[in-house]
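Visitor: This is final-v4.pdb, which holds PDB, C-alpha atoms:
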ATOM      1  CA  MET D1085      60.771 114.847  26.660
ATOM      2  CA  VAL D1086      58.445 112.575  28.641
ATOM      3  CA  ASN D1087      55.542 113.967  30.633
ATOM      4  CA  HIS D1088      56.207 113.219  34.312
ATOM      5  CA  VAL D1089      52.600 113.401  35.464
ATOM      6  CA  HIS D1090      51.989 110.915  38.247
ATOM      7  CA  PRO D1091      49.494 108.472  36.793
ATOM      8  CA  ARG D1092      46.898 106.681  38.843
ATOM      9  CA  ARG D1093      48.279 103.235  39.500
ATOM     10  CA  TRP D1094      45.383 101.723  41.427
ATOM     11  CA  PRO D1095      43.191 100.977  38.376
ATOM     12  CA  ALA D1096      45.959  98.850  36.854
ATOM     13  CA  TYR D1097      46.571  97.017  40.120
ATOM     14  CA  ALA D1098      42.836  96.431  40.649
ATOM     15  CA  LEU D1099      42.560  95.132  37.089
ATOM     16  CA  ALA D1100      45.518  92.813  37.695
ATOM     17  CA  VAL D1101      43.834  91.415  40.808
ATOM     18  CA  LEU D1102      40.645  90.751  38.819
ATOM     19  CA  PHE D1103      42.627  89.025  36.065
ATOM     20  CA  VAL D1104      44.491  86.858  38.578
ATOM     21  CA  GLY D1105      41.121  85.938  40.112
ATOM     22  CA  TYR D1106      39.837  85.042  36.650
ATOM     23  CA  ALA D1107      42.931  82.908  36.015
ATOM     24  CA  ALA D1108      42.579  81.154  39.378
ATOM     25  CA  GLY D1109      38.913  80.343  38.702
ATOM     26  CA  LYS D1110      39.771  78.996  35.279
ATOM     27  CA  ALA D1111      42.604  76.890  36.757
ATOM     28  CA  VAL D1112      40.189  75.330  39.260
ATOM     29  CA  PHE D1113      37.804  74.429  36.456
ATOM     30  CA  ALA D1114      40.673  73.156  34.278
ATOM     31  CA  ALA D1115      41.770  70.821  37.053
ATOM     32  CA  GLN D1116      38.193  69.510  37.198
ATOM     33  CA  SER D1117      37.804  69.416  33.366
ATOM     34  CA  ARG D1118      34.724  71.627  33.612
ATOM     35  CA  LEU D1119      33.566  74.497  31.422
ATOM     36  CA  GLY D1120      32.492  77.817  32.825
ATOM     37  CA  PHE D1121      33.645  79.971  35.698
ATOM     38  CA  PRO D1122      32.939  79.651  39.418
ATOM     39  CA  GLY D1123      29.981  81.865  40.223
ATOM     40  CA  GLY D1124      28.972  82.182  36.565
ATOM     41  CA  PRO D1125      26.290  80.563  34.430
ATOM     42  CA  VAL D1126      25.959  76.785  34.520
ATOM     43  CA  VAL D1127      27.063  74.973  31.365
ATOM     44  CA  SER D1128      24.686  72.201  30.312
ATOM     45  CA  ALA D1129      25.970  68.633  30.060
ATOM     46  CA  ALA D1130      25.152  68.530  26.333
ATOM     47  CA  GLU D1131      27.066  71.754  25.677
ATOM     48  CA  HIS D1132      29.987  70.480  27.735
ATOM     49  CA  GLU D1133      30.129  67.206  25.787
ATOM     50  CA  SER D1134      29.751  68.955  22.434
ATOM     51  CA  TYR D1135      32.569  71.359  23.267
ATOM     52  CA  ALA D1136      34.852  68.555  24.410
ATOM     53  CA  ARG D1137      34.140  66.539  21.260
ATOM     54  CA  ASP D1138      34.088  69.240  18.578
ATOM     55  CA  VAL D1139      36.378  72.068  19.681
ATOM     56  CA  MET D1140      39.192  70.967  21.968
ATOM     57  CA  GLY D1141      39.576  69.326  25.300
ATOM     58  CA  VAL D1142      37.793  71.168  28.082
ATOM     59  CA  ALA D1143      40.869  71.175  30.300
ATOM     60  CA  THR D1144      42.993  72.530  27.439
ATOM     61  CA  ALA D1145      40.535  75.370  26.862
ATOM     62  CA  GLN D1146      40.451  76.245  30.543
ATOM     63  CA  TRP D1147      44.252  76.126  30.904
ATOM     64  CA  SER D1148      44.496  78.439  27.883
ATOM     65  CA  ALA D1149      42.098  80.838  29.584
ATOM     66  CA  THR D1150      44.227  80.634  32.729
ATOM     67  CA  ALA D1151      47.300  81.626  30.734
ATOM     68  CA  THR D1152      45.556  84.558  29.052
ATOM     69  CA  GLY D1153      44.288  85.778  32.434
ATOM     70  CA  LEU D1154      47.821  85.781  33.820
ATOM     71  CA  LEU D1155      49.140  87.468  30.672
ATOM     72  CA  ALA D1156      46.486  90.181  30.992
ATOM     73  CA  ALA D1157      47.431  90.722  34.649
ATOM     74  CA  CYS D1158      51.094  91.118  33.664
ATOM     75  CA  LEU D1159      50.163  93.581  30.921
ATOM     76  CA  ALA D1160      48.081  95.651  33.342
ATOM     77  CA  VAL D1161      50.931  95.811  35.864
ATOM     78  CA  ALA D1162      53.398  96.644  33.076
ATOM     79  CA  THR D1163      51.525  99.892  32.398
ATOM     80  CA  VAL D1164      52.592 101.272  35.788
ATOM     81  CA  THR D1165      56.046  99.772  36.318
ATOM     82  CA  THR D1166      59.400 101.101  35.202
ATOM     83  CA  LEU D1167      60.180  97.921  33.283
ATOM     84  CA  GLY D1168      56.825  98.071  31.492
ATOM     85  CA  ARG D1169      57.363 101.706  30.596
ATOM     86  CA  ARG D1170      60.448 100.681  28.599
ATOM     87  CA  VAL D1171      58.205  98.878  26.117
ATOM     88  CA  PRO D1172      57.659 101.100  23.066
ATOM     89  CA  ARG D1173      54.531 103.205  23.612
ATOM     90  CA  THR D1174      52.918 102.230  20.301
ATOM     91  CA  MET D1175      53.368  98.513  20.982
ATOM     92  CA  MET D1176      51.934  98.828  24.497
ATOM     93  CA  LEU D1177      48.953 100.859  23.285
ATOM     94  CA  LEU D1178      48.266  98.259  20.566
ATOM     95  CA  ALA D1179      48.413  95.473  23.156
ATOM     96  CA  LEU D1180      46.081  97.426  25.442
ATOM     97  CA  ALA D1181      43.691  98.085  22.547
ATOM     98  CA  GLY D1182      43.615  94.362  21.789
ATOM     99  CA  MET D1183      42.947  93.645  25.430
ATOM    100  CA  LEU D1184      40.156  96.227  25.426
ATOM    101  CA  LEU D1185      38.534  94.529  22.437
ATOM    102  CA  ALA D1186      38.770  91.019  23.888
ATOM    103  CA  VAL D1187      38.003  91.772  27.526
ATOM    104  CA  GLY D1188      35.529  94.509  26.647
ATOM    105  CA  ALA D1189      33.552  92.162  24.399
ATOM    106  CA  GLY D1190      33.278  89.555  27.143
ATOM    107  CA  ALA D1191      32.378  92.183  29.715
ATOM    108  CA  MET D1192      29.711  93.659  27.431
ATOM    109  CA  ILE D1193      28.145  90.212  27.047
ATOM    110  CA  MET D1194      27.987  90.035  30.840
ATOM    111  CA  VAL D1195      26.463  93.519  31.004
ATOM    112  CA  VAL D1196      23.827  92.969  28.323
ATOM    113  CA  ASP D1197      22.893  89.505  29.551
ATOM    114  CA  GLY D1198      22.861  90.616  33.180
ATOM    115  CA  PHE D1199      20.628  93.631  32.614
ATOM    116  CA  VAL D1200      18.601  92.649  29.535
ATOM    117  CA  GLY D1201      18.936  88.873  29.301
ATOM    118  CA  ILE D1202      20.156  87.231  26.101
ATOM    119  CA  GLY D1203      20.090  83.700  27.444
ATOM    120  CA  VAL D1204      23.661  83.121  28.624
ATOM    121  CA  GLY D1205      22.798  83.175  32.310
ATOM    122  CA  TRP D1206      24.729  86.143  33.724
ATOM    123  CA  GLN D1207      22.958  87.964  36.562
ATOM    124  CA  TRP D1208      22.736  91.691  37.401
ATOM    125  CA  TYR D1209      25.732  91.533  39.763
ATOM    126  CA  HIS D1210      27.831  90.038  36.950
ATOM    127  CA  ALA D1211      26.738  92.975  34.800
ATOM    128  CA  ILE D1212      27.989  95.421  37.417
ATOM    129  CA  LEU D1213      31.310  93.572  37.550
ATOM    130  CA  GLY D1214      31.495  93.825  33.749
ATOM    131  CA  LEU D1215      31.022  97.593  33.939
ATOM    132  CA  VAL D1216      33.717  97.834  36.625
ATOM    133  CA  VAL D1217      36.153  95.845  34.464
ATOM    134  CA  ILE D1218      35.499  98.048  31.429
ATOM    135  CA  GLY D1219      35.946 101.189  33.531
ATOM    136  CA  LEU D1220      39.188  99.963  35.089
ATOM    137  CA  LEU D1221      40.552  98.954  31.706
ATOM    138  CA  LEU D1222      39.695 102.313  30.136
ATOM    139  CA  GLU D1223      41.254 104.181  33.062
ATOM    140  CA  THR D1224      44.385 102.015  32.894
ATOM    141  CA  ILE D1225      44.768 102.817  29.196
ATOM    142  CA  ARG D1226      44.102 106.533  29.753
ATOM    143  CA  SER D1227      46.563 106.679  32.630
ATOM    144  CA  TYR D1228      49.281 104.911  30.634
ATOM    145  CA  ALA D1229      48.715 107.121  27.582
ATOM    146  CA  THR D1230      48.818 110.284  29.707
ATOM    147  CA  ALA D1231      51.922 109.241  31.621
ATOM    148  CA  THR D1232      53.889 108.314  28.496
ATOM    149  CA  LYS D1233      52.777 111.216  26.310
ATOM    150  CA  ARG D1234      55.657 113.200  24.906
ATOM    151  CA  VAL D1235      55.547 116.931  25.511
ATOM    152  CA  ALA D1236      57.281 119.678  23.540
ATOM    153  CA  ALA D1237      60.505 120.902  25.087
TER     154      ALA D1237
END
Could you render the structure from this file as structure tokens?

Guide:
Amino acid sequence: MVNHVHPRRWPAYALAVLFVGYAAGKAVFAAQSRLGFPGGPVVSAAEHESYARDVMGVATAQWSATATGLLAACLAVATVTTLGRRVPRTMMLLALAGMLLAVGAGAMIMVVDGFVGIGVGWQWYHAILGLVVIGLLLETIRSYATATKRVAA
């Protein structure tokens, strides 16, 4: 039997909006073949050239980030939709755990650099946004896990 507790949907929707914003910013930079994110730290010309030469094309990297941002937004929305709830619980929780590791690591870099300063260039307001993202992601996972928990009949 499935627990029919009404989960909070707003954290997932807020997270999806943030991920779509991330994807849009990355798409703008991909179209311009620039590294970074609008409103974020400035990437030096030497770092930009090194990345383009040694890793992959800048536009390719930014388009990949655009795609992962849209995928993350879809995953967040899937946690609160009927169609998304049809995905096996274990698979969804594994996907959400992977997202927590990837997004959480990036957000923690923003937090540490914004408050302590490790040389990346994030400011205090980026750090607050990082904390908000981590909180929304944790609440989305908790809400999904609670809503899909099986209860004894």

Visitor: Would you compute the distance between atom CA of Val1142 of chain D and atom CA of Val1195 of chain D? Give it in Å to one decimal.

Guide: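 For atom CA of Val1142 of chain D relative to atom CA of Val1195 of chain D, the distance reads 25.2 Å.
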
Visitor: Calculate how many Å separate atom CA of Ser1128 of chain D from atom CA of Gly1109 of chain D, rounding to one decimal.

Guide: 18.4 Å

Visitor: Provide the atom CA of Leu1213 of chain D to atom CA of Ala1179 of chain D distance in Å, to one decimal place.

Guide: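 Atom-to-atom, atom CA of Leu1213 of chain D and atom CA of Ala1179 of chain D are spaced 22.4 Å apart.
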
Visitor: Ranking D:Thr1224, D:Thr1144, D:Thr1230, D:Thr1163 by minimum distance to Met1176 of chain D and counting all atoms listed in the file, which one comes first?

Guide: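 When distances to Met1176 of chain D are compared using all atoms listed in the file, the smallest one comes from D:Thr1163.
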
Visitor: Between D:Lys1110, D:Ala1229, D:Arg1118, D:Trp1094, which residue has the minimum interatomic distance to Thr1174 of chain D, considering all atoms listed in the file?

Guide: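 Checking each of D:Lys1110, D:Ala1229, D:Arg1118, D:Trp1094 against Thr1174 of chain D, counting all atoms listed in the file, the winner is D:Ala1229.
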
Visitor: With only C-alpha atoms as the basis for distance, which of D:Ala1115, D:Ala1108, D:Ala1098, D:Ala1145 is at the shortest distance from Val1216 of chain D?

Guide: D:Ala1098

Visitor: Quick one: everything within 8 Å of Trp1147 of chain D, counting all atoms listed in the file, minus sequence neighbours fewer than 3 positions away in the same chain. Send it as a compact mmCIF listing (two decimals) with C-alpha atoms, keeping the file's coordinate frame.

Guide:
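Below is the file that was written, part-v3.txt:
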# COMPACT_ATOMS: atom_id res chain seq x y z
CA LYS D 1110 39.77 79.00 35.28
CA ALA D 1111 42.60 76.89 36.76
CA ALA D 1114 40.67 73.16 34.28
CA ALA D 1143 40.87 71.18 30.30
CA THR D 1144 42.99 72.53 27.44
CA THR D 1150 44.23 80.63 32.73
CA ALA D 1151 47.30 81.63 30.73

Visitor: Given the file above and the PyMOL selection byres ((chain D and resi 1103-1105) around 7), which residues are selected, and can you give them as a PyMOL selection string?

Guide: chain D and resi 1099-1102+1106-1109+1153-1154+1156-1157

Visitor: Those same residues, written as a PDB file, keeping the file's coordinate frame with C-alpha atoms?

Guide:
ATOM      1  CA  LEU D1099      42.560  95.132  37.089  1.00  0.00           C
ATOM      2  CA  ALA D1100      45.518  92.813  37.695  1.00  0.00           C
ATOM      3  CA  VAL D1101      43.834  91.415  40.808  1.00  0.00           C
ATOM      4  CA  LEU D1102      40.645  90.751  38.819  1.00  0.00           C
ATOM      5  CA  TYR D1106      39.837  85.042  36.650  1.00  0.00           C
ATOM      6  CA  ALA D1107      42.931  82.908  36.015  1.00  0.00           C
ATOM      7  CA  ALA D1108      42.579  81.154  39.378  1.00  0.00           C
ATOM      8  CA  GLY D1109      38.913  80.343  38.702  1.00  0.00           C
ATOM      9  CA  GLY D1153      44.288  85.778  32.434  1.00  0.00           C
ATOM     10  CA  LEU D1154      47.821  85.781  33.820  1.00  0.00           C
ATOM     11  CA  ALA D1156      46.486  90.181  30.992  1.00  0.00           C
ATOM     12  CA  ALA D1157      47.431  90.722  34.649  1.00  0.00           C
TER      13      ALA D1157
END

Visitor: Quick one: apply the PyMOL selection byres ((chain D and resi 1183) around 12) to the file and drop the selected residues here as a VMD selection string.

Guide: chain D and resid 1099 1103 1152 to 1153 1155 to 1160 1176 to 1182 1184 to 1191 1217 to 1218 1221 to 1222 1224 to 1225

Visitor: The selected residues should be written to file as a compact mmCIF listing (two decimals), in the coordinates of the input (atoms: C-alpha atoms).

Guide:
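Writing done, so here's again11.txt:
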# COMPACT_ATOMS: atom_id res chain seq x y z
CA LEU D 1099 42.56 95.13 37.09
CA PHE D 1103 42.63 89.02 36.06
CA THR D 1152 45.56 84.56 29.05
CA GLY D 1153 44.29 85.78 32.43
CA LEU D 1155 49.14 87.47 30.67
CA ALA D 1156 46.49 90.18 30.99
CA ALA D 1157 47.43 90.72 34.65
CA CYS D 1158 51.09 91.12 33.66
CA LEU D 1159 50.16 93.58 30.92
CA ALA D 1160 48.08 95.65 33.34
CA MET D 1176 51.93 98.83 24.50
CA LEU D 1177 48.95 100.86 23.28
CA LEU D 1178 48.27 98.26 20.57
CA ALA D 1179 48.41 95.47 23.16
CA LEU D 1180 46.08 97.43 25.44
CA ALA D 1181 43.69 98.08 22.55
CA GLY D 1182 43.62 94.36 21.79
CA LEU D 1184 40.16 96.23 25.43
CA LEU D 1185 38.53 94.53 22.44
CA ALA D 1186 38.77 91.02 23.89
CA VAL D 1187 38.00 91.77 27.53
CA GLY D 1188 35.53 94.51 26.65
CA ALA D 1189 33.55 92.16 24.40
CA GLY D 1190 33.28 89.56 27.14
CA ALA D 1191 32.38 92.18 29.72
CA VAL D 1217 36.15 95.84 34.46
CA ILE D 1218 35.50 98.05 31.43
CA LEU D 1221 40.55 98.95 31.71
CA LEU D 1222 39.70 102.31 30.14
CA THR D 1224 44.38 102.02 32.89
CA ILE D 1225 44.77 102.82 29.20

Visitor: Looking at all atoms listed in the file, which of D:Arg1093, D:Val1161, D:Val1112, D:Pro1125 is the one that sits closest to Asp1197 of chain D?

Guide: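 Distance minimum relative to Asp1197 of chain D lands on D:Pro1125.
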
Visitor: Write out as number ranges by chain each polymer residue whose atoms come within 9 Å of segment 1206-1209 of chain D, counting all atoms listed in the file; drop sequence neighbours fewer than 4 positions from it.

Guide: D: 1124-1125, 1193-1202, 1213-1214

Visitor: With distances taken over only C-alpha atoms, which residue among D:Glu1223, D:Gln1146, D:Met1192, D:Thr1165 lies nearest His1210 of chain D?

Guide: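 Under the stated criterion, the closest residue is D:Met1192.
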
Visitor: Taking all atoms of segment 1211-1218 of chain D that the file lists and extending 6 Å past them on each side, where is the centre of the axis-aligned box and how long are its edges? Answer in Å to one decimal, as AutoDock Vina command-line options.

Guide:
--center_x 31.4 --center_y 95.5 --center_z 34.5 --size_x 21.4 --size_y 17.1 --size_z 18.1

Visitor: Could you tell me which of D:Ala1149, D:Ala1096, D:Met1140, D:Ile1212 comes closest to Phe1121 of chain D if we count only C-alpha atoms?

Guide: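 Result for the nearest residue to Phe1121 of chain D: D:Ala1149.
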
Visitor: Could you add whatever atoms are missing so that segment 1221-1232 of chain D carries all heavy atoms, then write the result as a tab-separated table (two decimals), in the frame of the given file?

Guide:
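Below you can see part.tsv, which holds the result:
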chain	number	residue	atom	x	y	z
D	1221	LEU	N	39.72	99.11	32.90
D	1221	LEU	CA	40.55	98.95	31.71
D	1221	LEU	C	40.70	100.28	30.96
D	1221	LEU	O	41.81	100.65	30.56
D	1221	LEU	CB	39.97	97.87	30.79
D	1221	LEU	CG	40.79	97.45	29.60
D	1221	LEU	CD1	42.22	97.12	29.98
D	1221	LEU	CD2	40.16	96.25	28.93
D	1222	LEU	N	39.61	101.00	30.80
D	1222	LEU	CA	39.70	102.31	30.14
D	1222	LEU	C	40.57	103.29	30.92
D	1222	LEU	O	41.37	104.02	30.34
D	1222	LEU	CB	38.29	102.89	29.93
D	1222	LEU	CG	37.45	102.22	28.85
D	1222	LEU	CD1	36.02	102.75	28.90
D	1222	LEU	CD2	38.07	102.42	27.48
D	1223	GLU	N	40.44	103.28	32.24
D	1223	GLU	CA	41.25	104.18	33.06
D	1223	GLU	C	42.73	103.77	33.04
D	1223	GLU	O	43.61	104.63	33.05
D	1223	GLU	CB	40.74	104.22	34.50
D	1223	GLU	CG	41.54	105.12	35.41
D	1223	GLU	CD	41.70	106.57	34.92
D	1223	GLU	OE1	40.84	107.06	34.17
D	1223	GLU	OE2	42.70	107.21	35.31
D	1224	THR	N	43.00	102.49	32.99
D	1224	THR	CA	44.38	102.02	32.89
D	1224	THR	C	45.01	102.49	31.58
D	1224	THR	O	46.14	102.97	31.57
D	1224	THR	CB	44.44	100.48	33.00
D	1224	THR	OG1	43.95	100.09	34.28
D	1224	THR	CG2	45.85	99.95	32.82
D	1225	ILE	N	44.27	102.37	30.51
D	1225	ILE	CA	44.77	102.82	29.20
D	1225	ILE	C	44.97	104.33	29.20
D	1225	ILE	O	45.99	104.84	28.74
D	1225	ILE	CB	43.82	102.38	28.07
D	1225	ILE	CG1	43.82	100.84	27.95
D	1225	ILE	CG2	44.21	103.02	26.74
D	1225	ILE	CD1	42.74	100.30	27.05
D	1226	ARG	N	43.99	105.07	29.72
D	1226	ARG	CA	44.10	106.53	29.75
D	1226	ARG	C	45.29	106.97	30.60
D	1226	ARG	O	46.07	107.85	30.21
D	1226	ARG	CB	42.82	107.16	30.32
D	1226	ARG	CG	42.81	108.69	30.19
D	1226	ARG	CD	41.97	109.35	31.27
D	1226	ARG	NE	42.45	109.13	32.60
D	1226	ARG	CZ	43.50	109.75	33.17
D	1226	ARG	NH1	44.21	110.62	32.49
D	1226	ARG	NH2	43.86	109.47	34.41
D	1227	SER	N	45.47	106.34	31.74
D	1227	SER	CA	46.56	106.68	32.63
D	1227	SER	C	47.91	106.41	31.98
D	1227	SER	O	48.83	107.22	32.05
D	1227	SER	CB	46.42	105.89	33.93
D	1227	SER	OG	47.47	106.19	34.81
D	1228	TYR	N	48.03	105.25	31.33
D	1228	TYR	CA	49.28	104.91	30.63
D	1228	TYR	C	49.55	105.91	29.51
D	1228	TYR	O	50.67	106.41	29.36
D	1228	TYR	CB	49.23	103.49	30.07
D	1228	TYR	CG	50.44	103.16	29.25
D	1228	TYR	CD1	51.63	102.79	29.86
D	1228	TYR	CD2	50.42	103.26	27.86
D	1228	TYR	CE1	52.76	102.53	29.11
D	1228	TYR	CE2	51.54	102.99	27.11
D	1228	TYR	CZ	52.71	102.63	27.73
D	1228	TYR	OH	53.83	102.39	27.00
D	1229	ALA	N	48.53	106.20	28.71
D	1229	ALA	CA	48.72	107.12	27.58
D	1229	ALA	C	49.11	108.52	28.07
D	1229	ALA	O	49.95	109.18	27.48
D	1229	ALA	CB	47.44	107.17	26.74
D	1230	THR	N	48.51	108.98	29.15
D	1230	THR	CA	48.82	110.28	29.71
D	1230	THR	C	50.25	110.31	30.27
D	1230	THR	O	50.99	111.26	30.04
D	1230	THR	CB	47.82	110.66	30.82
D	1230	THR	OG1	46.52	110.66	30.27
D	1230	THR	CG2	48.13	112.02	31.41
D	1231	ALA	N	50.62	109.28	30.98
D	1231	ALA	CA	51.92	109.24	31.62
D	1231	ALA	C	53.08	109.12	30.62
D	1231	ALA	O	54.20	109.57	30.90
D	1231	ALA	CB	52.00	108.11	32.61
D	1232	THR	N	52.82	108.53	29.47
D	1232	THR	CA	53.89	108.31	28.50
D	1232	THR	C	53.82	109.28	27.32
D	1232	THR	O	54.60	109.14	26.38
D	1232	THR	CB	53.86	106.87	27.97
D	1232	THR	OG1	52.59	106.62	27.35
D	1232	THR	CG2	54.11	105.88	29.09
